[in-house]
>>> print(open('data16.tsv').read())   # TSV, C-alpha atoms (C1' of nucleotides)
chain	number	residue	atom	x	y	z
A	245	MET	CA	121.62	98.28	54.06
A	246	ALA	CA	121.24	95.14	52.04
A	247	ASP	CA	118.07	93.16	51.72
A	248	VAL	CA	118.77	90.85	54.59
A	249	LYS	CA	116.11	88.18	54.65
A	250	SER	CA	116.12	87.51	58.37
A	251	GLY	CA	115.85	91.19	59.19
A	252	PRO	CA	112.31	92.33	59.92
A	253	ASN	CA	110.91	95.19	57.97
A	254	PRO	CA	108.58	97.01	60.31
A	255	LEU	CA	107.81	99.67	57.75
A	256	PHE	CA	106.10	96.91	55.90
A	257	LEU	CA	104.14	95.69	58.85
A	258	ARG	CA	102.36	92.44	58.50
A	259	GLU	CA	99.40	91.32	60.50
A	260	GLU	CA	101.59	88.66	62.02
A	261	ASP	CA	104.18	91.14	63.21
A	262	LEU	CA	101.54	93.12	65.02
A	263	ARG	CA	100.02	90.03	66.56
A	264	GLN	CA	103.43	89.06	67.77
A	265	GLY	CA	103.86	92.44	69.39
A	266	ILE	CA	100.55	92.06	71.20
A	267	GLU	CA	101.55	88.64	72.44
A	268	LEU	CA	104.99	89.71	73.56
A	269	LEU	CA	103.32	92.23	75.82
A	270	PHE	CA	100.80	89.73	77.12
A	271	TYR	CA	103.30	87.02	77.97
A	272	ALA	CA	105.95	89.38	79.29
A	273	TYR	CA	103.54	91.07	81.64
A	274	ARG	CA	102.04	87.79	82.73
A	275	ASP	CA	105.42	86.34	83.66
A	276	PHE	CA	106.74	89.60	85.01
A	277	THR	CA	104.03	89.83	87.63
A	278	ALA	CA	103.81	86.15	88.56
A	279	GLU	CA	106.71	86.03	91.02
A	280	PRO	CA	105.89	89.06	93.15
A	281	ASP	CA	102.22	88.03	93.13
A	282	ALA	CA	103.16	84.72	94.68
A	283	MET	CA	105.22	86.42	97.40
A	284	LEU	CA	102.50	88.93	98.12
A	285	ALA	CA	99.91	86.21	98.53
A	286	LYS	CA	101.92	84.78	101.39
A	287	ILE	CA	101.67	87.97	103.41
A	288	GLY	CA	98.06	88.70	102.56
A	289	LEU	CA	98.72	91.50	100.12
A	290	GLY	CA	98.05	91.84	96.42
A	291	ARG	CA	99.44	93.32	93.26
A	292	ALA	CA	97.83	96.66	93.99
A	293	HIS	CA	99.86	96.92	97.18
A	294	HIS	CA	103.01	96.20	95.26
A	295	ARG	CA	102.32	98.99	92.81
A	296	VAL	CA	101.81	101.49	95.60
A	297	VAL	CA	104.90	100.40	97.46
A	298	TYR	CA	106.87	100.51	94.27
A	299	PHE	CA	105.93	104.05	93.30
A	300	VAL	CA	106.23	105.43	96.80
A	301	GLY	CA	109.72	103.96	96.83
A	302	ARG	CA	110.42	105.48	93.49
A	303	TYR	CA	109.14	108.93	94.41
A	304	PRO	CA	109.64	109.37	98.15
A	305	GLY	CA	107.38	112.12	99.43
A	306	ILE	CA	104.90	111.72	96.58
A	307	ASN	CA	101.44	112.95	97.40
A	308	VAL	CA	98.15	111.15	96.89
A	309	THR	CA	97.07	113.06	93.80
A	310	GLU	CA	100.32	112.38	92.03
A	311	LEU	CA	100.14	108.73	92.91
A	312	LEU	CA	96.61	108.51	91.57
A	313	GLY	CA	97.83	110.07	88.35
A	314	ILE	CA	100.40	107.37	87.91
A	315	LEU	CA	98.22	104.44	88.83
A	316	GLN	CA	95.17	105.68	86.96
A	317	ILE	CA	92.74	104.32	89.47
A	318	THR	CA	90.18	106.01	91.66
A	319	LYS	CA	90.81	107.54	95.02
A	320	GLN	CA	88.61	104.93	96.65
A	321	SER	CA	90.55	102.07	95.11
A	322	LEU	CA	93.80	103.56	96.28
A	323	ALA	CA	92.42	104.28	99.74
A	324	ARG	CA	91.87	100.62	100.39
A	325	VAL	CA	95.38	99.45	99.66
A	326	LEU	CA	97.07	102.55	101.00
A	327	GLY	CA	95.11	102.16	104.20
A	328	ASP	CA	96.40	98.63	104.59
A	329	LEU	CA	99.97	99.70	103.97
A	330	VAL	CA	99.82	102.55	106.45
A	331	ALA	CA	98.10	100.39	109.08
A	332	GLN	CA	100.76	97.74	108.71
A	333	GLU	CA	103.47	100.38	108.76
A	334	TYR	CA	104.92	99.81	105.35
A	335	ILE	CA	104.19	103.42	104.47
A	336	ALA	CA	104.37	106.59	106.55
A	337	GLN	CA	102.37	109.74	105.90
A	338	ARG	CA	103.27	113.26	106.85
A	339	ALA	CA	101.59	116.56	106.07
A	340	GLY	CA	103.17	118.68	103.35
A	341	THR	CA	105.11	121.65	104.62
A	342	LYS	CA	104.26	123.93	101.75
A	343	ASP	CA	100.69	122.67	101.44
A	344	ARG	CA	99.48	121.12	104.62
A	345	ARG	CA	96.49	119.46	102.99
A	346	GLN	CA	98.79	117.05	101.27
A	347	ARG	CA	99.79	113.70	102.67
A	348	LEU	CA	103.32	112.97	101.59
A	349	LEU	CA	104.06	109.30	101.42
A	350	THR	CA	107.31	107.55	102.19
A	351	LEU	CA	108.37	103.99	102.80
A	352	THR	CA	109.27	102.97	106.32
A	353	GLU	CA	112.23	100.68	106.85
A	354	LYS	CA	109.81	97.80	106.73
A	355	GLY	CA	108.34	99.17	103.52
A	356	GLN	CA	111.73	99.50	101.91
A	357	GLU	CA	112.48	95.94	102.76
A	358	LEU	CA	109.21	94.78	101.27
A	359	GLU	CA	109.73	96.80	98.14
A	360	ARG	CA	113.16	95.39	97.67
A	361	THR	CA	112.06	91.82	98.20
A	362	LEU	CA	109.19	92.12	95.77
A	363	SER	CA	110.95	94.01	93.05
A	364	ASP	CA	114.13	92.00	93.24
A	365	ALA	CA	112.57	89.20	91.26
A	366	GLN	CA	111.56	91.72	88.63
A	367	ARG	CA	114.92	93.42	88.61
A	368	ALA	CA	116.63	90.08	88.20
A	369	ARG	CA	114.37	89.24	85.30
A	370	ILE	CA	115.07	92.53	83.58
A	371	ALA	CA	118.78	92.32	84.28
A	372	GLN	CA	119.00	88.85	82.81
A	373	ALA	CA	117.04	89.86	79.73
A	374	TYR	CA	119.14	92.98	79.23
A	375	ARG	CA	122.40	91.13	79.62
A	376	ALA	CA	121.35	88.39	77.25
A	377	ALA	CA	120.14	90.90	74.68
A	378	GLY	CA	123.00	93.37	74.73
A	379	ALA	CA	123.21	97.14	74.75
A	380	ALA	CA	121.85	97.79	71.27
A	381	ALA	CA	118.80	95.61	71.82
A	382	VAL	CA	118.10	97.35	75.12
A	383	GLU	CA	118.12	100.69	73.38
A	384	GLY	CA	115.64	99.36	70.83
A	385	PHE	CA	113.48	97.95	73.58
A	386	ARG	CA	113.34	101.32	75.28
A	387	THR	CA	112.48	103.12	72.08
A	388	VAL	CA	109.62	100.79	71.19
A	389	MET	CA	108.23	100.72	74.71
A	390	LEU	CA	108.22	104.50	74.81
A	391	GLY	CA	106.32	104.50	71.55
A	392	ILE	CA	103.67	102.26	73.08
A	393	ILE	CA	103.28	104.46	76.14
A	394	ASP	CA	100.96	107.45	75.89
A	395	ALA	CA	102.86	110.59	74.99
A	396	GLU	CA	101.98	112.30	78.29
A	397	ASP	CA	104.01	109.83	80.26
A	398	ARG	CA	107.04	109.60	78.04
A	399	ALA	CA	108.60	112.58	79.73
A	400	LYS	CA	109.08	110.49	82.86
A	401	PHE	CA	111.71	108.53	81.02
A	402	GLN	CA	113.75	111.37	79.71
A	403	PRO	CA	117.14	111.74	81.31
A	404	PRO	CA	117.40	114.88	83.46
A	405	GLY	CA	118.08	117.21	80.57
A	406	PRO	CA	116.96	120.75	79.74
A	407	GLY	CA	113.65	120.45	81.63
A	408	LYS	CA	113.69	121.87	85.11
A	409	ARG	CA	112.15	118.81	86.73
B	147	MET	CA	134.42	103.55	74.82
B	148	ALA	CA	134.50	106.91	76.50
B	149	ASP	CA	132.50	107.72	79.55
B	150	VAL	CA	129.50	108.96	77.63
B	151	LYS	CA	126.91	109.98	80.14
B	152	SER	CA	123.88	109.54	77.90
B	153	GLY	CA	124.90	106.21	76.44
B	154	PRO	CA	123.41	103.19	78.16
B	155	ASN	CA	125.65	100.41	79.25
B	156	PRO	CA	123.41	97.48	80.08
B	157	LEU	CA	126.32	95.20	80.92
B	158	PHE	CA	126.96	97.56	83.73
B	159	LEU	CA	123.43	97.63	84.96
B	160	ARG	CA	122.55	100.33	87.35
B	161	GLU	CA	119.68	100.26	89.76
B	162	GLU	CA	118.14	103.06	87.76
B	163	ASP	CA	118.25	101.13	84.51
B	164	LEU	CA	116.41	98.25	86.08
B	165	ARG	CA	113.83	100.52	87.62
B	166	GLN	CA	113.28	102.05	84.26
B	167	GLY	CA	112.70	98.64	82.74
B	168	ILE	CA	110.10	97.84	85.38
B	169	GLU	CA	108.34	101.10	84.72
B	170	LEU	CA	108.38	100.75	80.97
B	171	LEU	CA	106.50	97.51	81.39
B	172	PHE	CA	104.04	98.99	83.84
B	173	TYR	CA	103.17	102.04	81.76
B	174	ALA	CA	103.16	100.21	78.44
B	175	TYR	CA	100.80	97.56	79.69
B	176	ARG	CA	98.60	100.11	81.39
B	177	ASP	CA	98.18	102.15	78.22
B	178	PHE	CA	98.04	99.13	75.95
B	179	THR	CA	94.98	97.74	77.70
B	180	ALA	CA	93.14	101.00	78.33
B	181	GLU	CA	91.50	101.38	74.92
B	182	PRO	CA	90.06	97.88	74.50
B	183	ASP	CA	88.96	97.95	78.14
B	184	ALA	CA	86.88	101.03	77.44
B	185	MET	CA	85.26	99.42	74.39
B	186	LEU	CA	84.56	96.23	76.27
B	187	ALA	CA	82.88	98.08	79.11
B	188	LYS	CA	80.31	99.41	76.65
B	189	ILE	CA	79.14	95.96	75.69
B	190	GLY	CA	79.24	94.53	79.18
B	191	LEU	CA	82.39	92.48	78.76
B	192	GLY	CA	85.80	92.70	80.37
B	193	ARG	CA	89.45	92.21	79.70
B	194	ALA	CA	89.20	88.50	80.39
B	195	HIS	CA	86.76	88.16	77.53
B	196	HIS	CA	89.15	89.98	75.26
B	197	ARG	CA	91.96	87.62	76.08
B	198	VAL	CA	89.84	84.59	75.30
B	199	VAL	CA	88.57	86.05	72.03
B	200	TYR	CA	92.08	87.04	71.11
B	201	PHE	CA	93.64	83.62	71.61
B	202	VAL	CA	90.78	81.71	70.06
B	203	GLY	CA	91.22	83.96	67.04
B	204	ARG	CA	94.90	83.34	67.09
B	205	TYR	CA	94.59	79.57	67.39
B	206	PRO	CA	91.31	78.56	65.76
B	207	GLY	CA	90.23	75.13	66.97
B	208	ILE	CA	92.20	75.44	70.20
B	209	ASN	CA	90.89	73.25	72.99
B	210	VAL	CA	90.15	74.26	76.56
B	211	THR	CA	93.25	72.74	78.12
B	212	GLU	CA	95.54	74.55	75.71
B	213	LEU	CA	93.75	77.81	76.29
B	214	LEU	CA	94.10	77.39	80.04
B	215	GLY	CA	97.80	76.82	79.55
B	216	ILE	CA	98.15	80.12	77.77
B	217	LEU	CA	96.03	82.20	80.09
B	218	GLN	CA	97.37	80.63	83.28
B	219	ILE	CA	94.07	80.85	85.07
B	220	THR	CA	91.84	78.18	86.53
B	221	LYS	CA	89.23	76.24	84.64
B	222	GLN	CA	86.52	77.84	86.71
B	223	SER	CA	87.68	81.34	85.86
B	224	LEU	CA	87.75	80.51	82.21
B	225	ALA	CA	84.36	78.80	82.36
B	226	ARG	CA	82.68	82.02	83.33
B	227	VAL	CA	83.95	84.16	80.50
B	228	LEU	CA	83.89	81.37	77.96
B	229	GLY	CA	80.29	80.66	78.92
B	230	ASP	CA	79.38	84.29	78.28
B	231	LEU	CA	81.09	84.26	74.92
B	232	VAL	CA	79.44	81.05	73.78
B	233	ALA	CA	76.02	82.18	75.04
B	234	GLN	CA	76.37	85.44	73.14
B	235	GLU	CA	77.62	83.59	70.10
B	236	TYR	CA	81.04	85.12	69.84
B	237	ILE	CA	82.58	81.67	70.12
B	238	ALA	CA	81.44	78.31	68.76
B	239	GLN	CA	82.37	74.95	70.24
B	240	ARG	CA	82.58	71.65	68.47
B	241	ALA	CA	83.74	68.26	69.65
B	242	GLY	CA	87.18	67.15	68.57
B	243	THR	CA	87.19	64.54	65.82
B	244	LYS	CA	90.24	62.72	67.03
B	245	ASP	CA	89.35	63.06	70.71
B	246	ARG	CA	85.68	63.63	71.20
B	247	ARG	CA	86.10	64.79	74.78
B	248	GLN	CA	87.68	67.98	73.58
B	249	ARG	CA	85.75	71.13	72.86
B	250	LEU	CA	87.43	72.91	70.00
B	251	LEU	CA	86.85	76.64	70.03
B	252	THR	CA	86.50	78.94	67.08
B	253	LEU	CA	85.30	82.50	66.59
B	254	THR	CA	81.96	83.02	64.90
B	255	GLU	CA	81.61	85.83	62.39
B	256	LYS	CA	80.43	87.99	65.24
B	257	GLY	CA	83.42	86.92	67.28
B	258	GLN	CA	85.84	87.75	64.52
B	259	GLU	CA	84.34	91.17	64.22
B	260	LEU	CA	84.67	91.74	67.95
B	261	GLU	CA	88.24	90.53	67.99
B	262	ARG	CA	89.15	92.83	65.17
B	263	THR	CA	87.50	95.84	66.72
B	264	LEU	CA	89.16	95.29	70.06
B	265	SER	CA	92.61	94.46	68.86
B	266	ASP	CA	92.71	97.12	66.19
B	267	ALA	CA	93.49	99.76	68.75
B	268	GLN	CA	96.34	97.63	70.01
B	269	ARG	CA	97.61	96.83	66.55
B	270	ALA	CA	97.57	100.51	65.68
B	271	ARG	CA	99.53	101.31	68.82
B	272	ILE	CA	102.14	98.68	68.05
B	273	ALA	CA	102.33	99.68	64.40
B	274	GLN	CA	102.89	103.30	65.27
B	275	ALA	CA	105.55	102.45	67.84
B	276	TYR	CA	107.30	100.09	65.43
B	277	ARG	CA	107.28	102.60	62.60
B	278	ALA	CA	108.55	105.38	64.80
B	279	ALA	CA	111.30	103.20	66.23
B	280	GLY	CA	112.61	101.56	63.08
B	281	ALA	CA	113.57	98.04	62.17
B	282	ALA	CA	116.64	97.71	64.35
B	283	ALA	CA	114.83	98.92	67.44
B	284	VAL	CA	112.01	96.48	66.80
B	285	GLU	CA	114.47	93.63	66.68
B	286	GLY	CA	115.94	94.76	69.98
B	287	PHE	CA	112.47	95.04	71.47
B	288	ARG	CA	111.67	91.48	70.47
B	289	THR	CA	114.91	90.17	71.89
B	290	VAL	CA	114.47	91.83	75.25
B	291	MET	CA	110.81	90.87	75.54
B	292	LEU	CA	111.66	87.26	74.80
B	293	GLY	CA	114.26	87.40	77.53
B	294	ILE	CA	111.62	88.58	79.98
B	295	ILE	CA	109.20	85.81	79.05
B	296	ASP	CA	109.60	82.44	80.76
B	297	ALA	CA	111.69	80.10	78.64
B	298	GLU	CA	108.82	77.64	78.19
B	299	ASP	CA	106.83	80.12	76.16
B	300	ARG	CA	109.60	81.50	74.02
B	301	ALA	CA	109.14	78.75	71.49
B	302	LYS	CA	105.80	80.26	70.52
B	303	PHE	CA	107.67	83.11	68.95
B	304	GLN	CA	110.11	81.17	66.91
B	305	PRO	CA	109.51	81.40	63.17
B	306	PRO	CA	108.34	78.10	61.69
B	307	GLY	CA	111.80	76.65	61.36
B	308	PRO	CA	113.18	73.14	61.93
B	309	GLY	CA	110.52	72.19	64.45
B	310	LYS	CA	107.63	70.17	63.11
B	311	ARG	CA	104.97	72.38	64.61
C	235	DA	C1'	84.37	135.47	102.36
C	236	DT	C1'	83.70	132.19	98.94
C	237	DT	C1'	85.35	128.72	96.15
C	238	DT	C1'	88.44	125.26	95.04
C	239	DT	C1'	91.55	121.66	96.15
C	240	DA	C1'	93.52	117.56	98.69
C	241	DC	C1'	92.23	113.97	101.08
C	242	DG	C1'	89.36	110.78	103.47
C	243	DT	C1'	85.23	107.82	104.01
C	244	DC	C1'	80.80	105.12	103.74
C	245	DA	C1'	78.11	102.07	101.05
C	246	DG	C1'	77.39	99.13	97.41
C	247	DC	C1'	78.34	96.98	92.88
C	248	DC	C1'	80.95	94.28	89.34
C	249	DA	C1'	84.70	91.61	87.11
C	250	DT	C1'	87.88	88.28	87.67
C	251	DG	C1'	90.78	85.65	90.09
C	252	DT	C1'	90.97	81.66	93.78
C	253	DT	C1'	89.98	76.68	96.24
C	254	DG	C1'	87.52	72.43	96.81
C	255	DA	C1'	84.41	68.97	95.59
C	256	DC	C1'	81.98	66.38	92.31
C	257	DT	C1'	79.99	64.59	87.59
C	258	DT	C1'	80.11	62.92	82.85
C	259	DA	C1'	82.03	61.31	78.71
C	260	DT	C1'	85.77	59.41	76.50
C	261	DT	C1'	90.28	57.61	75.93
C	262	DT	C1'	94.15	55.00	77.42
C	263	DC	C1'	96.33	51.52	79.96
C	264	DT	C1'	96.80	46.92	82.03
D	56	DA	C1'	87.11	43.82	79.40
D	57	DG	C1'	87.78	46.50	83.20
D	58	DA	C1'	90.35	50.15	85.56
D	59	DA	C1'	92.52	54.42	85.48
D	60	DA	C1'	93.41	58.73	83.51
D	61	DT	C1'	91.99	62.75	80.99
D	62	DA	C1'	88.95	66.67	79.02
D	63	DA	C1'	85.52	69.29	80.21
D	64	DG	C1'	81.80	71.13	82.92
D	65	DT	C1'	79.54	72.57	87.27
D	66	DC	C1'	78.23	74.16	92.08
D	67	DA	C1'	79.40	76.86	96.01
D	68	DA	C1'	81.99	80.10	98.45
D	69	DC	C1'	85.42	83.54	98.85
D	70	DA	C1'	89.14	87.45	97.95
D	71	DT	C1'	90.99	91.22	95.36
D	72	DG	C1'	90.72	95.25	93.17
D	73	DG	C1'	88.45	97.94	90.08
D	74	DC	C1'	84.07	101.20	89.87
D	75	DT	C1'	80.17	105.02	91.05
D	76	DG	C1'	77.86	108.22	94.05
D	77	DA	C1'	77.52	110.93	97.98
D	78	DC	C1'	79.34	113.43	101.60
D	79	DG	C1'	82.81	115.63	105.09
D	80	DT	C1'	86.85	118.33	106.57
D	81	DA	C1'	90.86	121.10	106.39
D	82	DA	C1'	93.61	124.17	103.98
D	83	DA	C1'	94.69	127.06	100.10
D	84	DA	C1'	93.50	130.15	96.46
D	85	DT	C1'	90.66	133.69	94.58
>>> encode(input="data16.tsv", output="structure tokens")
Amino acid sequence: MADVKSGPNPLFLREEDLRQGIELLFYAYRDFTAEPDAMLAKIGLGRAHHRVVYFVGRYPGINVTELLGILQITKQSLARVLGDLVAQEYIAQRAGTKDRRQRLLTLTEKGQELERTLSDAQRARIAQAYRAAGAAAVEGFRTVMLGIIDAEDRAKFQPPGPGKR
Amino acid sequence: MADVKSGPNPLFLREEDLRQGIELLFYAYRDFTAEPDAMLAKIGLGRAHHRVVYFVGRYPGINVTELLGILQITKQSLARVLGDLVAQEYIAQRAGTKDRRQRLLTLTEKGQELERTLSDAQRARIAQAYRAAGAAAVEGFRTVMLGIIDAEDRAKFQPPGPGKR
DNA sequence: ATTTTACGTCAGCCATGTTGACTTATTTCT
DNA sequence: AGAAATAAGTCAACATGGCTGACGTAAAAT
């Protein structure tokens, strides 16, 4: 590969490159959350509710311990928002069949609708960015993002390969 | 192109691809902020203080209105954390010379040290991810992240080109 | 039978966002 | 010169969403 001057050389990382990376994350996250936050405010819910609804939608039948592991918050913090969501019938709970201590969480119809409404803005944003960037850029994006994420959670993003789960 | 099952095709965006994008942002931001948050807690400060210190370090002499524009929070929210930082001498204020109503903000020595300590963990995380991913992936990462960010703020990331600022 | 686990709950605290109203100093506009 | 707009600060009150600590109950595992 020739010495292309516009091409970045991340193996020769400058302070400025790293600052830019930090800022990309700050601005992207800020804008990424702004739309659903505004919708949530109208129905008296917050970002924490969105996260719960999102992950319950993603992993139907997830139990409380698993959800806590994803969100990395305390049981008490989760209890508050989960309580709201169950009371307002966005989320249904049922006892585990194998382990009856567990509360398996699923979205109700109403919850699915909420999840879709909230995340649609985010999906649209991602879709637009992906389309504008092209397939190769998307692959690079994924690779870098995975590198930023703690190793323990990278497995979640592996395609269903040799692993049994 | 053949029907390669592992190859992504972002022009043919599947629900799953978009979900993955949402999750990459969630996990990356979660892990990206965890280390500085833990350091901040030890000295009685929070993430909001970090953001202020970061951007004052990035734009020395920035005024309050500009900082509010970046953070997208209210003046009152900023006042609290900025007040702490000035009181504890992480940040110095001086009146603008051209417009004496402005308070221009700069980091003190102590503030610079704090900024460096806090952001070093983040810089290291970015650097490691960039190095592991390679130059092409980094370029793709930048492109996609810019696509996610609201158009108004994309200009901040343009290299000092034709524009006068 | 004991211990551990999964979950829930009460009580209180802190950080960080919000709105609304108002003041002061300075600059800009007419 | 006088009026209006702007930059910044401030007071008060409130909501959200984290946190710790302590304790309870049911079910599973040892």
>>> atom_distance(input="data16.tsv", atom1="atom CA of Arg197 of chain B", atom2="atom CA of Ala272 of chain A")
14.5 Å
>>> closest_residue(input="data16.tsv", among="B:Ser223, B:Thr263, B:Gln218, B:Asn209", to="Ala241 of chain B", atoms="only C-alpha atoms")
B:Asn209
>>> residues_around(input="data16.tsv", residues="segment 322-328 of chain A", least_positions_apart="3", cutoff="6 Å", atoms="only C-alpha atoms (C1' of nucleotides)", output="mmCIF file with C-alpha atoms, in the frame of the given file")
data_model
loop_
_atom_site.group_PDB
_atom_site.id
_atom_site.type_symbol
_atom_site.label_atom_id
_atom_site.label_comp_id
_atom_site.auth_asym_id
_atom_site.auth_seq_id
_atom_site.Cartn_x
_atom_site.Cartn_y
_atom_site.Cartn_z
ATOM 1 C CA HIS A 293 99.860 96.920 97.180
ATOM 2 C CA LYS A 319 90.810 107.540 95.020
ATOM 3 C CA ALA A 331 98.100 100.390 109.080
#
>>> calpha_fit_rmsd(input="data16.tsv", fixed="chain B", moving="chain A")
0.9 Å
>>> atom_distance(input="data16.tsv", atom1="atom CA of Phe172 of chain B", atom2="atom CA of Asp397 of chain A")
11.4 Å
>>> closest_residue(input="data16.tsv", among="B:Gln248, B:Thr289, B:Thr179, B:Gln166", to="DA62 of chain D", atoms="all atoms listed in the file")
B:Gln248
>>> residues_around(input="data16.tsv", residues="Ile370 of chain A", least_positions_apart="4", cutoff="9 Å", atoms="all atoms listed in the file", output="number ranges by chain")
A: 276, 365-366, 374-375; B: 164, 167-168, 290, 293-294
>>> atom_distance(input="data16.tsv", atom1="atom C1' of DT261 of chain C", atom2="atom CA of Arg246 of chain B")
8.9 Å
>>> residues_around(input="data16.tsv", residues="DG73 of chain D", least_positions_apart="3", cutoff="9 Å", atoms="only C-alpha atoms (C1' of nucleotides)", output="ChimeraX atom specification")
/A:317-318,321 /C:248-249
>>> interface_residues(input="data16.tsv", of="chain D", to="chain A", cutoff="8 Å", atoms="all atoms listed in the file", output="PyMOL selection string")
chain D and resi 71-74+81-83
>>> interface_residues(input="data16.tsv", of="chain C", to="chain B", cutoff="9 Å", atoms="all atoms listed in the file", output="ChimeraX atom specification")
/C:249-252,259-261
>>> interface_residues(input="data16.tsv", of="chain B", to="chain A", cutoff="9 Å", atoms="all atoms listed in the file", output="PyMOL selection string")
chain B and resi 152+154-159+161+163-178+204+216-218+265+268-296+299+303
>>> residues_near_point(input="data16.tsv", point="(74.2, 110.1, 98.4)", cutoff="12 Å", atoms="all atoms listed in the file", output="PyMOL selection string")
(chain C and resi 244-246) or (chain D and resi 75-78)
>>> axis_aligned_box(input="data16.tsv", around="segment 244-252 of chain C", padding_each_side="3 Å", output="lines of an AutoDock Vina configuration file")
center_x = 84.2
center_y = 93.4
center_z = 95.4
size_x = 19.6
size_y = 29.5
size_z = 22.6
>>> residues_around(input="data16.tsv", residues="Gly305 of chain A", least_positions_apart="6", cutoff="6 Å", atoms="only C-alpha atoms (C1' of nucleotides)", output="list in words")
Leu348, Leu349 and Thr350 of chain A
>>> build_atoms(input="data16.tsv", residues="segment 190-203 of chain B", atoms="N, CA and C atoms", output="PDB file, in the coordinates of the input")
ATOM      1  N   GLY B 190      79.411  95.387  78.008  1.00  0.00           N
ATOM      2  CA  GLY B 190      79.240  94.530  79.180  1.00  0.00           C
ATOM      3  C   GLY B 190      80.222  93.381  79.285  1.00  0.00           C
ATOM      4  N   LEU B 191      81.365  93.519  78.642  1.00  0.00           N
ATOM      5  CA  LEU B 191      82.390  92.480  78.760  1.00  0.00           C
ATOM      6  C   LEU B 191      83.635  93.073  79.402  1.00  0.00           C
ATOM      7  N   GLY B 192      84.592  92.225  79.699  1.00  0.00           N
ATOM      8  CA  GLY B 192      85.800  92.700  80.370  1.00  0.00           C
ATOM      9  C   GLY B 192      87.057  92.224  79.673  1.00  0.00           C
ATOM     10  N   ARG B 193      88.162  92.542  80.292  1.00  0.00           N
ATOM     11  CA  ARG B 193      89.450  92.210  79.700  1.00  0.00           C
ATOM     12  C   ARG B 193      89.639  90.705  79.531  1.00  0.00           C
ATOM     13  N   ALA B 194      89.066  89.959  80.463  1.00  0.00           N
ATOM     14  CA  ALA B 194      89.200  88.500  80.390  1.00  0.00           C
ATOM     15  C   ALA B 194      88.525  87.964  79.128  1.00  0.00           C
ATOM     16  N   HIS B 195      87.419  88.585  78.761  1.00  0.00           N
ATOM     17  CA  HIS B 195      86.760  88.160  77.530  1.00  0.00           C
ATOM     18  C   HIS B 195      87.637  88.471  76.312  1.00  0.00           C
ATOM     19  N   HIS B 196      88.269  89.604  76.354  1.00  0.00           N
ATOM     20  CA  HIS B 196      89.150  89.980  75.260  1.00  0.00           C
ATOM     21  C   HIS B 196      90.265  88.960  75.078  1.00  0.00           C
ATOM     22  N   ARG B 197      90.847  88.572  76.186  1.00  0.00           N
ATOM     23  CA  ARG B 197      91.960  87.620  76.080  1.00  0.00           C
ATOM     24  C   ARG B 197      91.510  86.314  75.441  1.00  0.00           C
ATOM     25  N   VAL B 198      90.339  85.846  75.851  1.00  0.00           N
ATOM     26  CA  VAL B 198      89.840  84.590  75.300  1.00  0.00           C
ATOM     27  C   VAL B 198      89.565  84.754  73.793  1.00  0.00           C
ATOM     28  N   VAL B 199      88.877  85.813  73.441  1.00  0.00           N
ATOM     29  CA  VAL B 199      88.570  86.050  72.030  1.00  0.00           C
ATOM     30  C   VAL B 199      89.868  86.182  71.230  1.00  0.00           C
ATOM     31  N   TYR B 200      90.812  86.867  71.814  1.00  0.00           N
ATOM     32  CA  TYR B 200      92.080  87.040  71.110  1.00  0.00           C
ATOM     33  C   TYR B 200      92.736  85.685  70.809  1.00  0.00           C
ATOM     34  N   PHE B 201      92.885  84.866  71.814  1.00  0.00           N
ATOM     35  CA  PHE B 201      93.640  83.620  71.610  1.00  0.00           C
ATOM     36  C   PHE B 201      92.858  82.569  70.827  1.00  0.00           C
ATOM     37  N   VAL B 202      91.547  82.616  70.915  1.00  0.00           N
ATOM     38  CA  VAL B 202      90.780  81.710  70.060  1.00  0.00           C
ATOM     39  C   VAL B 202      90.925  82.167  68.597  1.00  0.00           C
ATOM     40  N   GLY B 203      90.991  83.456  68.403  1.00  0.00           N
ATOM     41  CA  GLY B 203      91.220  83.960  67.040  1.00  0.00           C
ATOM     42  C   GLY B 203      92.606  83.610  66.536  1.00  0.00           C
TER      43      GLY B 203
END
